[in-house]
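A quick write-up on the structure given underneath.
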Amino acid sequence: MAKGLDEQGSVVAPRLAFTTRDKQATAVIGLGSDAPAAELTVAWYRLTGIEGREHLFSHEIAVGPGALAYSQGIAEGGLAPGLYETVATLGERQVRTPWVVRRRGSAATASRAVEGVPAAALVSNRLAQTPEWDLPSPGENGVWDSEFGRDPRSGPRDGCEVEDIDAAWSPYLDVNVSASWFGPCSTRTLSASVSGPPVTIVSEDTPPDPHVTLMYGQAGLCELPGGSDLPGTVVRLEATGSATGRAEYRVEDHGETLLADVESIPAAGSKVAPGERIKLHALAMVMPPALGVKVLYVDDGNDLIESVGNLSGASTPVACDPRRNVAQLFSEYRDPPDPPPVIEICANAEGFDGTRSRGCIEFYTGEVWEGTASSAVTTPPPHGPCGNPARTEATVRLLVAEDGSVKGTYDVTGCGVSEPHAEWTGTVTDAGFLFPELVVFTDGNLIPKVSPTRAEATLEHNEATAKWVTTWELTCTSCEE
């Protein structure tokens with residue numbers, strides 16, 4: 001999975017996690033030199049629950065040996081948040097890749113860890129779809145064409161020359177190699193090795209054009225002498241024949257693509273009762289080349305639920321063992337007898353390189369209200385740099401316990417904001433939310449309910465130096481419709 005392919009056939013921004021800001025995702029499929037000329041099927045799914053999935057669309061692509069195929073999913077309104085899987089099938093061979101779309105504004109899915117500092121928590125990845133987001137629909141598909149044709153800078157030359165040798169990574173364990181030859185070249189050979197004698201990738205005795213040729217080949221990293229798919233491995237490339245040339249390619253590190261996520265029955269976002277059992281399936285995955293997944297564990301913010309290593313069972317990276325790049329566990333969680341209004345269960349992964357990733361889901365035992373508080377502050381002249389009125393926008397979240405007590409959080413942005421985060425407590429009744437003191441200046445502290453699932457208010461505060469007007473709009477996100 002990636003943003004796409006560039007003109008040279010290199011994978012652009014490989015990743016296993018997208019956000020609702022992204023309007024497309026591209027599956028890139030590399031085929032070996034022994035692959036048959038056949039039809040490749042690329043199917044896109046949305047995952048539901050632990051084992052369920054909904055088919056979105058498929059592409060049928062004619063491919064051949066060494067092909068680099070692509071299948072694009074597009075979403076004009078931004079990719080809808082949730083878990084997905086893209087499946088590539090060629091004959092009896094199949095590769096399945098899970099990936100995720102995070103809600104816009106959520107924390108990064110992976111970050112280089114600072115010792116002692118946990119990775120940032122993510123908001124729930126519930127499969128909810130809003131009008132501003134779209135499920136992926138079929139976009140472009142095909143096979144990248146490696147034939148560049150005649151170089152416009154070239155012309156007749158007295159002797160054969162190797163102009164350059166380039167290499168790029170191809171999913172999952174291959175390196176693509178190309179070399180430009182100019183002049184009257186009768187023989188051309190491309191070879192590669194990590195250590196030991198080089199292995200021929202492609203050879204040609206009678207080129208179609210004796211003056212300019214691009215040779216293209218593919219080598220499996222683990223099939224080369226001394227081969228390794230660990231990041232930092234140096235591949236030695238040679239062009240020999242009528243002329244010679246040498247280059248080196250250092251295997252890339254995609255450790256930052258580390259992904260951790262968790263699915264459940266009942267589905268994330270459900271309302272659960274004390275003592276209820278929640279079935280869990282957690283997955284950690286990193287896109288190769290990478291050192292691999294070191295550990296995957298699931299917790300509820302206080303207690304560890306379960307922990308596993310990668311599928312290889314090794315405590316250190318093992319070259320050419322793709323099982324080191326995946327870890328998964330199946331477990332069960334029982335809701336505590338006196339649960340909080342929101343239960344958050346998180347899958348946490350750490351790579352051998354120290355990269356960490358965290359994916360969380362939420363369940364409700366009480367009510368959860370979310371919304372905004374928009375403020376306009378008018379002041380007499382002279383006016384400062386924030387304009388008049390100065391405006392701020394805040395996201396608000398209220399957690400309602402069974403006894404009617406409320407915990408609120410308020411995160412605000414805007415010019416002149418000195419305290420971006422605040423928390424306060426209050427109570428709720430059928431009339432609305434009552435707070436002894438709100439986090440913005442007001443002359444009222446009740447946000448009335450206008451329906452069982454919505455609360456709205458416009459509250460003012462006047463003093464000699466400023467007038468505050470704050471509009472509150474809240475919706476119960478956990479209430480049954």
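Ligands are numbered from 1 in the order shown, chains are lettered A, B, ... in the order of the structure tokens, and residues start at 1 in each chain.
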Contacts of Pro138 (chain A) within 7 Å, only C-alpha atoms, excl. fewer than 6 positions in-chain, as an MDAnalysis selection string: chainID A and resid 57 72:74
Writing out the chosen residues with N, CA and C atoms as a PDB file, in the first residue's frame:
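Output saved as out-v9.pdb:
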```
ATOM      1  N   PHE A  57     -14.605  -3.391  -4.346  1.00  0.00           N
ATOM      2  CA  PHE A  57     -14.461  -3.473  -5.793  1.00  0.00           C
ATOM      3  C   PHE A  57     -13.241  -4.332  -6.103  1.00  0.00           C
ATOM      4  N   GLN A  72      -5.715   1.363  -7.816  1.00  0.00           N
ATOM      5  CA  GLN A  72      -5.962   2.567  -7.037  1.00  0.00           C
ATOM      6  C   GLN A  72      -7.403   2.596  -6.520  1.00  0.00           C
ATOM      7  N   GLY A  73      -7.543   2.976  -5.246  1.00  0.00           N
ATOM      8  CA  GLY A  73      -8.845   3.252  -4.664  1.00  0.00           C
ATOM      9  C   GLY A  73      -8.948   4.741  -4.397  1.00  0.00           C
ATOM     10  N   ILE A  74     -10.061   5.361  -4.780  1.00  0.00           N
ATOM     11  CA  ILE A  74     -10.199   6.807  -4.640  1.00  0.00           C
ATOM     12  C   ILE A  74     -11.421   7.133  -3.784  1.00  0.00           C
TER      13      ILE A  74
END
```
Leu399 (chain A) surroundings by only C-alpha atoms, 8 Å radius, close-in-sequence under 3 positions cut, as JSON, numbers by chain: {"A": [341, 342, 366, 367, 368, 369, 406, 407, 408]}
For region 378-383 of chain A: contacts at 9 Å, only C-alpha atoms, fewer than 4 positions along chain excluded, given as a list of chain:residue names: A:Gly387, A:Asn388, A:Pro389, A:Ala390, A:Ala464, A:Thr465, A:Ala466, A:Lys467, A:Trp468, A:Val469
Distance query Gly371 (chain A) at most 10 Å, only C-alpha atoms, self and fewer than 5 positions along chain excluded, as a PyMOL selection string: chain A and resi 394-398+410+454-456+472-477
Residue with smallest distance to Val100 (chain A) - pool A:Pro420, A:Gly359, A:Pro322, A:Gly9, counting only C-alpha atoms: A:Gly359
Point-to-point distance from CA of Val194 (chain A) to CA of Thr257 (chain A), Å rounded to tenths: 25.2 Å
Gap from CA of Trp181 (chain A) to CA of Leu214 (chain A) - Å, one decimal: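 If I compute the distance from CA of Trp181 (chain A) to CA of Leu214 (chain A), I get 6.4 Å.
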Distance of CA of Ala17 (chain A) from CA of Glu344 (chain A), expressed in Å to one decimal place: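 So the two atoms, CA of Glu344 (chain A) and CA of Ala17 (chain A), lie 20.2 Å apart.
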Among listed residues A:Asp229, A:Asp338, A:Glu256, A:Asp299, nearest Arg15 (chain A) (using only C-alpha atoms): A:Glu256
Ala192 (chain A) environment, 8 Å, only C-alpha atoms, sequence neighbours closer than 4 positions dropped, as a list in words: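 Once the adjacent positions are removed, what remains is Pro198, Val199, Thr200, Ile201, Ala219, Leu224, Val235, Arg236, Leu237 and Glu238 of chain A.
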Could those residues be written to a file, using N, CA and C atoms, as a short mmCIF file (atom, residue, chain, number, x, y, z; two decimals), in the first residue's frame?
```
data_model
loop_
_atom_site.label_atom_id
_atom_site.label_comp_id
_atom_site.auth_asym_id
_atom_site.auth_seq_id
_atom_site.Cartn_x
_atom_site.Cartn_y
_atom_site.Cartn_z
N PRO A 198 28.70 -12.40 -8.40
CA PRO A 198 27.43 -11.81 -8.85
C PRO A 198 26.58 -12.81 -9.62
N VAL A 199 25.28 -12.60 -9.58
CA VAL A 199 24.31 -13.42 -10.30
C VAL A 199 23.71 -12.58 -11.42
N THR A 200 23.61 -13.15 -12.62
CA THR A 200 23.06 -12.42 -13.76
C THR A 200 21.57 -12.19 -13.57
N ILE A 201 21.16 -10.94 -13.75
CA ILE A 201 19.74 -10.59 -13.68
C ILE A 201 19.13 -10.60 -15.07
N ALA A 219 15.69 -8.63 -9.01
CA ALA A 219 16.40 -9.64 -8.24
C ALA A 219 15.76 -9.77 -6.87
N LEU A 224 19.97 -13.61 -3.74
CA LEU A 224 21.31 -13.23 -4.16
C LEU A 224 22.36 -13.89 -3.26
N VAL A 235 23.51 -3.90 -1.83
CA VAL A 235 23.50 -4.74 -3.03
C VAL A 235 24.48 -4.15 -4.02
N ARG A 236 25.43 -4.98 -4.49
CA ARG A 236 26.43 -4.55 -5.47
C ARG A 236 25.93 -4.87 -6.88
N LEU A 237 25.85 -3.86 -7.71
CA LEU A 237 25.31 -3.98 -9.05
C LEU A 237 26.43 -3.81 -10.08
N GLU A 238 26.38 -4.63 -11.13
CA GLU A 238 27.41 -4.56 -12.18
C GLU A 238 26.76 -4.60 -13.55
#
```
Arg323 (chain A): which residues within 12 Å, counting only C-alpha atoms, same-chain residues fewer than 6 positions away excluded, as a compact mmCIF listing (two decimals) with N, CA and C atoms, in the first residue's frame?
```txt
# COMPACT_ATOMS: atom_id res chain seq x y z
N ALA A 284 -0.29 -6.57 14.56
CA ALA A 284 0.82 -5.64 14.35
C ALA A 284 1.51 -6.05 13.06
N MET A 285 1.86 -5.06 12.24
CA MET A 285 2.43 -5.36 10.93
C MET A 285 3.34 -4.22 10.51
N VAL A 286 4.44 -4.54 9.85
CA VAL A 286 5.31 -3.51 9.32
C VAL A 286 5.66 -3.88 7.89
N MET A 287 5.75 -2.88 7.04
CA MET A 287 6.02 -3.13 5.63
C MET A 287 7.51 -3.36 5.42
N PRO A 288 7.90 -4.46 4.81
CA PRO A 288 9.33 -4.68 4.55
C PRO A 288 9.81 -3.77 3.44
N ALA A 290 12.20 -4.01 6.74
CA ALA A 290 12.20 -3.48 8.09
C ALA A 290 12.79 -4.52 9.01
N LEU A 291 13.23 -4.08 10.19
CA LEU A 291 13.79 -5.04 11.14
C LEU A 291 12.72 -5.97 11.67
N GLY A 292 11.46 -5.49 11.75
CA GLY A 292 10.38 -6.36 12.16
C GLY A 292 9.71 -5.93 13.44
N VAL A 293 8.66 -6.67 13.80
CA VAL A 293 7.88 -6.42 15.01
C VAL A 293 8.53 -7.14 16.19
N LYS A 294 8.79 -6.41 17.24
CA LYS A 294 9.39 -7.00 18.44
C LYS A 294 8.32 -7.55 19.38
N GLY A 309 4.99 -12.08 20.87
CA GLY A 309 6.05 -11.66 19.97
C GLY A 309 5.61 -11.83 18.52
N ASN A 310 6.55 -11.69 17.59
CA ASN A 310 6.20 -11.83 16.17
C ASN A 310 6.02 -13.30 15.81
N LEU A 311 5.53 -13.54 14.59
CA LEU A 311 5.20 -14.90 14.18
C LEU A 311 6.43 -15.79 14.03
N SER A 312 7.62 -15.20 13.87
CA SER A 312 8.83 -16.02 13.76
C SER A 312 9.26 -16.57 15.10
N GLY A 313 8.77 -15.95 16.19
CA GLY A 313 9.15 -16.40 17.53
C GLY A 313 10.55 -16.00 17.93
N ALA A 314 11.21 -15.19 17.12
CA ALA A 314 12.59 -14.79 17.40
C ALA A 314 12.62 -13.48 18.17
N PRO A 317 15.94 -9.73 14.99
CA PRO A 317 15.55 -9.84 13.58
C PRO A 317 16.26 -10.99 12.87
```
Spatial neighbours of Pro289 (chain A), 7 Å, only C-alpha atoms, chain gap at least 4 places, as a list in words: Asp229, Leu230, Pro231, Glu252, Asp253 and His254 of chain A
DSSP helix (DSSP H, G or I) residues within region 194-417 of chain A, listed as a ChimeraX atom specification: /A:221-223,255-257,322-325
All strand (DSSP E or B) residues (DSSP, backbone) inside region 196-398 of chain A, as a VMD selection string: chain A and resid 199 to 204 212 to 220 234 to 241 245 to 250 259 to 265 271 277 to 285 293 to 299 304 to 308 326 to 334 342 to 351 355 to 364 367 to 378 390 to 398
Which residue of A:Val63, A:Ala282, A:Ile50, A:Leu258 approaches Ser33 (chain A) most closely, using only C-alpha atoms: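 When distances to Ser33 (chain A) are compared using only C-alpha atoms, the smallest one comes from A:Val63.
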A:Gly404, A:Gly196, A:Pro14, A:Gly220 ranked by distance to Asp34 (chain A), top pick (using only C-alpha atoms):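 Closest to Asp34 (chain A), using only C-alpha atoms: A:Gly220.
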